[in-house]
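> First, the structure itself, so that you have it in front of you.
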Amino acid sequence: MTRRAVVIGAGHYLPERIVENAEFEATLDTSDEWIRSRSGIERRHFAAEGETTSQMATRAAQAALKSAGRTADDVDAIVLATSTADLTFPSAATMVQSQLGMTSGFAFDVQAVCAGFVYALANANALIASGQADRVLVIGAETFSRIMDWTDRSTCVLFGDGAGAVLLEAQDGTGSSDDRGILATDLNSDGRYRDLLYVDGGVATQNTGHLRMQGNQVFRHAVEKLAATAHTALDRAGVAADDVDWIVPHQANIRIIQGTAKKMGLPMDKVVVTVQDHGNTSAASIPLALSVGVERGQIKPGDLLVTEAIGGGLAWGAVVLRW
């Protein structure tokens, strides 16, 4: 028998405020058509004043628990992927632990920017595979609206806020690719490219700072690296691209999503796309897309999924799992 980390519930949360592209036209030299044509984004959600990453993460976690028919008392660990935690410390994950009413177990944050949820899934899978936990809440949550430079039209129109979560549970499998659960992971990073996507603030500068990005360079790396990591994970899982039912990619830019699918030899009707409604929600984008994909009736039990993401670092990776 092989111990597998199986998704038994998914949920998400989006702030109430919806910001259409046209709203930026009043303050920036941009337009709805310009934003749509370059990113595929039509709207995004922004957190309300006082609404925090941990609060949104908690709402998504509660939705995932409800979906799974479990309570917080059933959870052994929380792994929260975020680059926009409420405070420098303690971790946002421990805040979620408190807000859920958990008084046992453990919780920690993972910071790999847009690739954060893939990294979090890989860590949660390792916790379950090693027997350190039986059920792990894996959450991606971000309030990127708090680190935007609102004068930079090349970045501030791309990002949004939100949270998504899945509950993983240990189940016995046969060790074959027919098992439900996480079948393979692949993680990568290369710090030489840190200046392509970063925030110019932190402890060293004693201010929060703003997101800075060399969009063309990130795009150039994204398609090649995302397709490569997806193929590596598929090979490790012992499955082929043709076996994939759904790609659930990081929702950064529709052109990156389309380019990656093409490089993998898969049609866009096998891709879960939410970027038009959420924008780039960084570590929250994949769990948001998973939850929405289930709500839409796209993702069904037994489906073979590949998720992939790239973010600042550069950090990138992929996970293959059977729903």
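Ordering of the structure tokens sets the chain letters (A, B, ...), residue numbers begin anew at 1 in every chain, and ligands are numbered from 1 in the order given.
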Would you list the contacts of Thr27 (chain A) as a PyMOL selection string, taking every protein, DNA or RNA residue within 10 Å and counting only C-alpha atoms, but skipping same-chain residues closer than 5 positions in sequence?
chain A and resi 150-151+153
> Which residues, written as a PDB file with N, CA and C atoms, in the first residue's frame, have at least one atom at most 8 Å from Trp246 (chain A), with only C-alpha atoms counted and residues fewer than 4 positions away on the same chain left out?

```
ATOM      1  N   LYS A 270      -9.252  21.953 -22.234  1.00  0.00           N
ATOM      2  CA  LYS A 270      -8.829  21.143 -21.097  1.00  0.00           C
ATOM      3  C   LYS A 270      -8.169  21.994 -20.017  1.00  0.00           C
ATOM      4  N   VAL A 271      -8.350  23.308 -20.098  1.00  0.00           N
ATOM      5  CA  VAL A 271      -7.726  24.231 -19.147  1.00  0.00           C
ATOM      6  C   VAL A 271      -8.813  24.953 -18.349  1.00  0.00           C
ATOM      7  N   VAL A 272      -8.686  24.943 -17.025  1.00  0.00           N
ATOM      8  CA  VAL A 272      -9.581  25.721 -16.174  1.00  0.00           C
ATOM      9  C   VAL A 272      -9.062  27.157 -16.146  1.00  0.00           C
ATOM     10  N   ILE A 299     -14.340  19.901 -12.911  1.00  0.00           N
ATOM     11  CA  ILE A 299     -13.486  18.926 -12.221  1.00  0.00           C
ATOM     12  C   ILE A 299     -14.361  17.929 -11.475  1.00  0.00           C
ATOM     13  N   ASP A 303     -10.746  12.597 -12.040  1.00  0.00           N
ATOM     14  CA  ASP A 303     -10.062  13.353 -13.093  1.00  0.00           C
ATOM     15  C   ASP A 303      -8.579  13.504 -12.760  1.00  0.00           C
ATOM     16  N   LEU A 304      -7.740  13.443 -13.804  1.00  0.00           N
ATOM     17  CA  LEU A 304      -6.307  13.653 -13.651  1.00  0.00           C
ATOM     18  C   LEU A 304      -5.998  15.116 -13.920  1.00  0.00           C
ATOM     19  N   LEU A 305      -5.372  15.775 -12.935  1.00  0.00           N
ATOM     20  CA  LEU A 305      -5.086  17.205 -13.018  1.00  0.00           C
ATOM     21  C   LEU A 305      -3.583  17.445 -12.958  1.00  0.00           C
ATOM     22  N   VAL A 306      -3.155  18.500 -13.649  1.00  0.00           N
ATOM     23  CA  VAL A 306      -1.801  19.010 -13.459  1.00  0.00           C
ATOM     24  C   VAL A 306      -1.918  20.500 -13.162  1.00  0.00           C
TER      25      VAL A 306
END
```
> Given only C-alpha atoms as the basis, pick out the residue of A:Asp277, A:Glu16, A:Glu142, A:Asp242 nearest to Thr84 (chain A).
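Result for the nearest residue to Thr84 (chain A): A:Glu142.
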> Distance table requested - region 166-255 of chain A against region 54-64 of chain A, cut-off 12 Å, only C-alpha atoms: one row per qualifying residue with the closest atom pair and its distance in Å to one decimal, ordered by chain and rising residue number, as JSON lines.

```
{"residue": "A:Val166", "atom": "CA", "partner": "A:Ala64", "partner_atom": "CA", "distance": 5.7}
{"residue": "A:Leu167", "atom": "CA", "partner": "A:Ala64", "partner_atom": "CA", "distance": 6.3}
{"residue": "A:Leu168", "atom": "CA", "partner": "A:Ala64", "partner_atom": "CA", "distance": 10.0}
```
> Could you pull out the residues in region 165-237 of chain A that DSSP calls helix (DSSP H, G or I) from the backbone, as an MDAnalysis selection string?
chainID A and resid 191:196 215:237
> Let me see the file: selected residues, C-alpha atoms, as a PDB file, in the first residue's frame.

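Generated output (part_20.pdb):
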```pdb
ATOM      1  CA  GLY A 191      17.705  33.146  -7.551  1.00  0.00           C
ATOM      2  CA  ARG A 192      19.672  34.666 -10.422  1.00  0.00           C
ATOM      3  CA  TYR A 193      16.361  36.002 -11.753  1.00  0.00           C
ATOM      4  CA  ARG A 194      15.186  37.675  -8.548  1.00  0.00           C
ATOM      5  CA  ASP A 195      15.173  41.138 -10.142  1.00  0.00           C
ATOM      6  CA  LEU A 196      12.521  40.127 -12.700  1.00  0.00           C
ATOM      7  CA  GLY A 215       6.797  41.628 -17.590  1.00  0.00           C
ATOM      8  CA  ASN A 216       8.380  40.666 -20.905  1.00  0.00           C
ATOM      9  CA  GLN A 217      11.190  38.766 -19.203  1.00  0.00           C
ATOM     10  CA  VAL A 218       8.816  36.956 -16.848  1.00  0.00           C
ATOM     11  CA  PHE A 219       6.668  35.946 -19.824  1.00  0.00           C
ATOM     12  CA  ARG A 220       9.719  34.595 -21.658  1.00  0.00           C
ATOM     13  CA  HIS A 221      10.666  32.371 -18.724  1.00  0.00           C
ATOM     14  CA  ALA A 222       7.110  31.380 -17.831  1.00  0.00           C
ATOM     15  CA  VAL A 223       5.964  29.371 -20.847  1.00  0.00           C
ATOM     16  CA  GLU A 224       9.182  27.375 -21.180  1.00  0.00           C
ATOM     17  CA  LYS A 225       9.587  26.650 -17.466  1.00  0.00           C
ATOM     18  CA  LEU A 226       5.916  25.855 -16.830  1.00  0.00           C
ATOM     19  CA  ALA A 227       5.681  23.347 -19.666  1.00  0.00           C
ATOM     20  CA  ALA A 228       8.967  21.735 -18.586  1.00  0.00           C
ATOM     21  CA  THR A 229       7.988  21.358 -14.924  1.00  0.00           C
ATOM     22  CA  ALA A 230       4.583  19.966 -15.883  1.00  0.00           C
ATOM     23  CA  HIS A 231       6.196  17.316 -18.107  1.00  0.00           C
ATOM     24  CA  THR A 232       8.663  16.412 -15.344  1.00  0.00           C
ATOM     25  CA  ALA A 233       5.854  15.909 -12.840  1.00  0.00           C
ATOM     26  CA  LEU A 234       3.829  13.891 -15.374  1.00  0.00           C
ATOM     27  CA  ASP A 235       6.835  11.654 -16.037  1.00  0.00           C
ATOM     28  CA  ARG A 236       7.323  11.093 -12.305  1.00  0.00           C
ATOM     29  CA  ALA A 237       3.654  10.181 -11.976  1.00  0.00           C
TER      30      ALA A 237
END
```
> Which residues are near region 312-316 of chain A? Cut-off 7 Å, only C-alpha atoms, ignore same chain within fewer than 3 positions. Put them as a PyMOL selection string.
chain A and resi 112-115+187-191+193-194+197-198+309
> Per residue of region 108-168 of chain A within 12 Å of region 20-26 of chain A, which atom pair is closest and at what distance in Å (one decimal), using only C-alpha atoms, listed by chain and increasing number, as a tab-separated table?

```
residue	atom	partner	partner_atom	distance
A:Trp150	CA	A:Phe24	CA	9.3
A:Thr151	CA	A:Phe24	CA	10.3
A:Asp152	CA	A:Phe24	CA	11.0
A:Arg153	CA	A:Phe24	CA	8.7
A:Ser154	CA	A:Phe24	CA	11.8
A:Thr155	CA	A:Phe24	CA	11.9
A:Cys156	CA	A:Phe24	CA	9.2
A:Val157	CA	A:Phe24	CA	7.4
A:Leu158	CA	A:Asn21	CA	9.6
A:Phe159	CA	A:Asn21	CA	11.4
A:Gly160	CA	A:Glu20	CA	11.1
```
> Using only C-alpha atoms, determine which residues lie at most 10 Å from Thr281 (chain A), disregarding the query and same-chain residues fewer than 6 positions distant; provide the list as a PyMOL selection string.
chain A and resi 44-45+113-114+140-145+158-164+250-252+275+288
> When you look at Ala77 (chain A) with a cut-off of 8 Å (counting only C-alpha atoms), what residues show up, excluding the ones that are within fewer than 5 positions of it in the same chain? I need them as a compact mmCIF listing (two decimals) with C-alpha atoms, in the first residue's frame.

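File produced: selection.txt:
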```txt
# COMPACT_ATOMS: atom_id res chain seq x y z
CA GLY A 105 -1.75 20.54 15.58
CA PHE A 106 0.63 22.94 13.85
CA ALA A 107 0.57 25.66 11.21
CA ALA A 133 -0.21 14.30 9.61
CA ARG A 135 -5.32 15.74 7.37
CA VAL A 136 -3.76 18.99 6.18
CA LEU A 137 -5.48 22.21 5.15
```
> If I take CA of Asp172 (chain A) and CA of Thr185 (chain A), how far is one from the other in Å, to one decimal?
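About the pair CA of Asp172 (chain A) and CA of Thr185 (chain A): they are 18.3 Å apart.
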> Which is closer to Ala81 (chain A) than all the others in A:Leu321, A:Ala47, A:Ile286, A:Met148, using only C-alpha atoms?
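Closest to Ala81 (chain A) of all the choices is A:Ile286.
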> Residues at most 7 Å from Ser91 (chain A), counting only C-alpha atoms, excluding those fewer than 3 positions away in the same chain, as an MDAnalysis selection string?
chainID A and resid 85 94:95 108:109
> Please run DSSP on the backbone and report, as an MDAnalysis selection string, all residues within region 19-268 of chain A that come out as strand (DSSP E or B).
chainID A and resid 19:20 43:46 77:81 106:110 135:143 159 161:173 181:189 197:199 202 207 211:213 246:249
> With distances taken over only C-alpha atoms, which of A:Arg17, A:Arg146, A:Lys262, A:Arg3 is nearest to Arg180 (chain A)?
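Of all the options, A:Arg3 lies closest to Arg180 (chain A).
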> Please provide the set of residues having any atom within 8 Å of region 7-10 of chain A, restricted to only C-alpha atoms, with same-chain residues fewer than 2 positions apart removed, written as a list of chain:residue names.
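Surrounding residues, per the criterion: A:Ala5, A:His12, A:Ala63, A:Ala64, A:Leu65, A:Lys66, A:Ser67, A:Ala68, A:Gly69, A:Gly164, A:Ala165, A:Val166, A:Leu167, A:Leu168, A:Glu169, A:Gly181, A:Pro287, A:Leu290, A:Ser291, A:Trp323.
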> Store the residues picked out above in a file with C-alpha atoms, as a PDB file, in the first residue's frame.

```
ATOM      1  CA  ALA A   5      -2.651  12.719   0.093  1.00  0.00           C
ATOM      2  CA  HIS A  12     -12.652  29.692  -1.804  1.00  0.00           C
ATOM      3  CA  ALA A  63     -15.578  26.475   2.875  1.00  0.00           C
ATOM      4  CA  ALA A  64     -13.145  23.614   2.194  1.00  0.00           C
ATOM      5  CA  LEU A  65     -13.968  21.965   5.535  1.00  0.00           C
ATOM      6  CA  LYS A  66     -17.693  22.254   4.828  1.00  0.00           C
ATOM      7  CA  SER A  67     -17.171  20.756   1.378  1.00  0.00           C
ATOM      8  CA  ALA A  68     -15.294  17.827   2.943  1.00  0.00           C
ATOM      9  CA  GLY A  69     -17.778  17.295   5.767  1.00  0.00           C
ATOM     10  CA  GLY A 164      -8.625  29.268  -1.922  1.00  0.00           C
ATOM     11  CA  ALA A 165      -8.137  26.082   0.081  1.00  0.00           C
ATOM     12  CA  VAL A 166      -8.163  22.307  -0.174  1.00  0.00           C
ATOM     13  CA  LEU A 167      -8.290  19.681   2.563  1.00  0.00           C
ATOM     14  CA  LEU A 168      -5.932  16.755   2.037  1.00  0.00           C
ATOM     15  CA  GLU A 169      -6.536  13.438   3.784  1.00  0.00           C
ATOM     16  CA  GLY A 181      -4.442  11.955  -4.564  1.00  0.00           C
ATOM     17  CA  PRO A 287      -6.822  26.865  -5.235  1.00  0.00           C
ATOM     18  CA  LEU A 290      -9.697  24.358  -8.324  1.00  0.00           C
ATOM     19  CA  SER A 291     -12.685  25.381  -6.215  1.00  0.00           C
ATOM     20  CA  TRP A 323      -9.127  14.308  -7.929  1.00  0.00           C
TER      21      TRP A 323
END
```
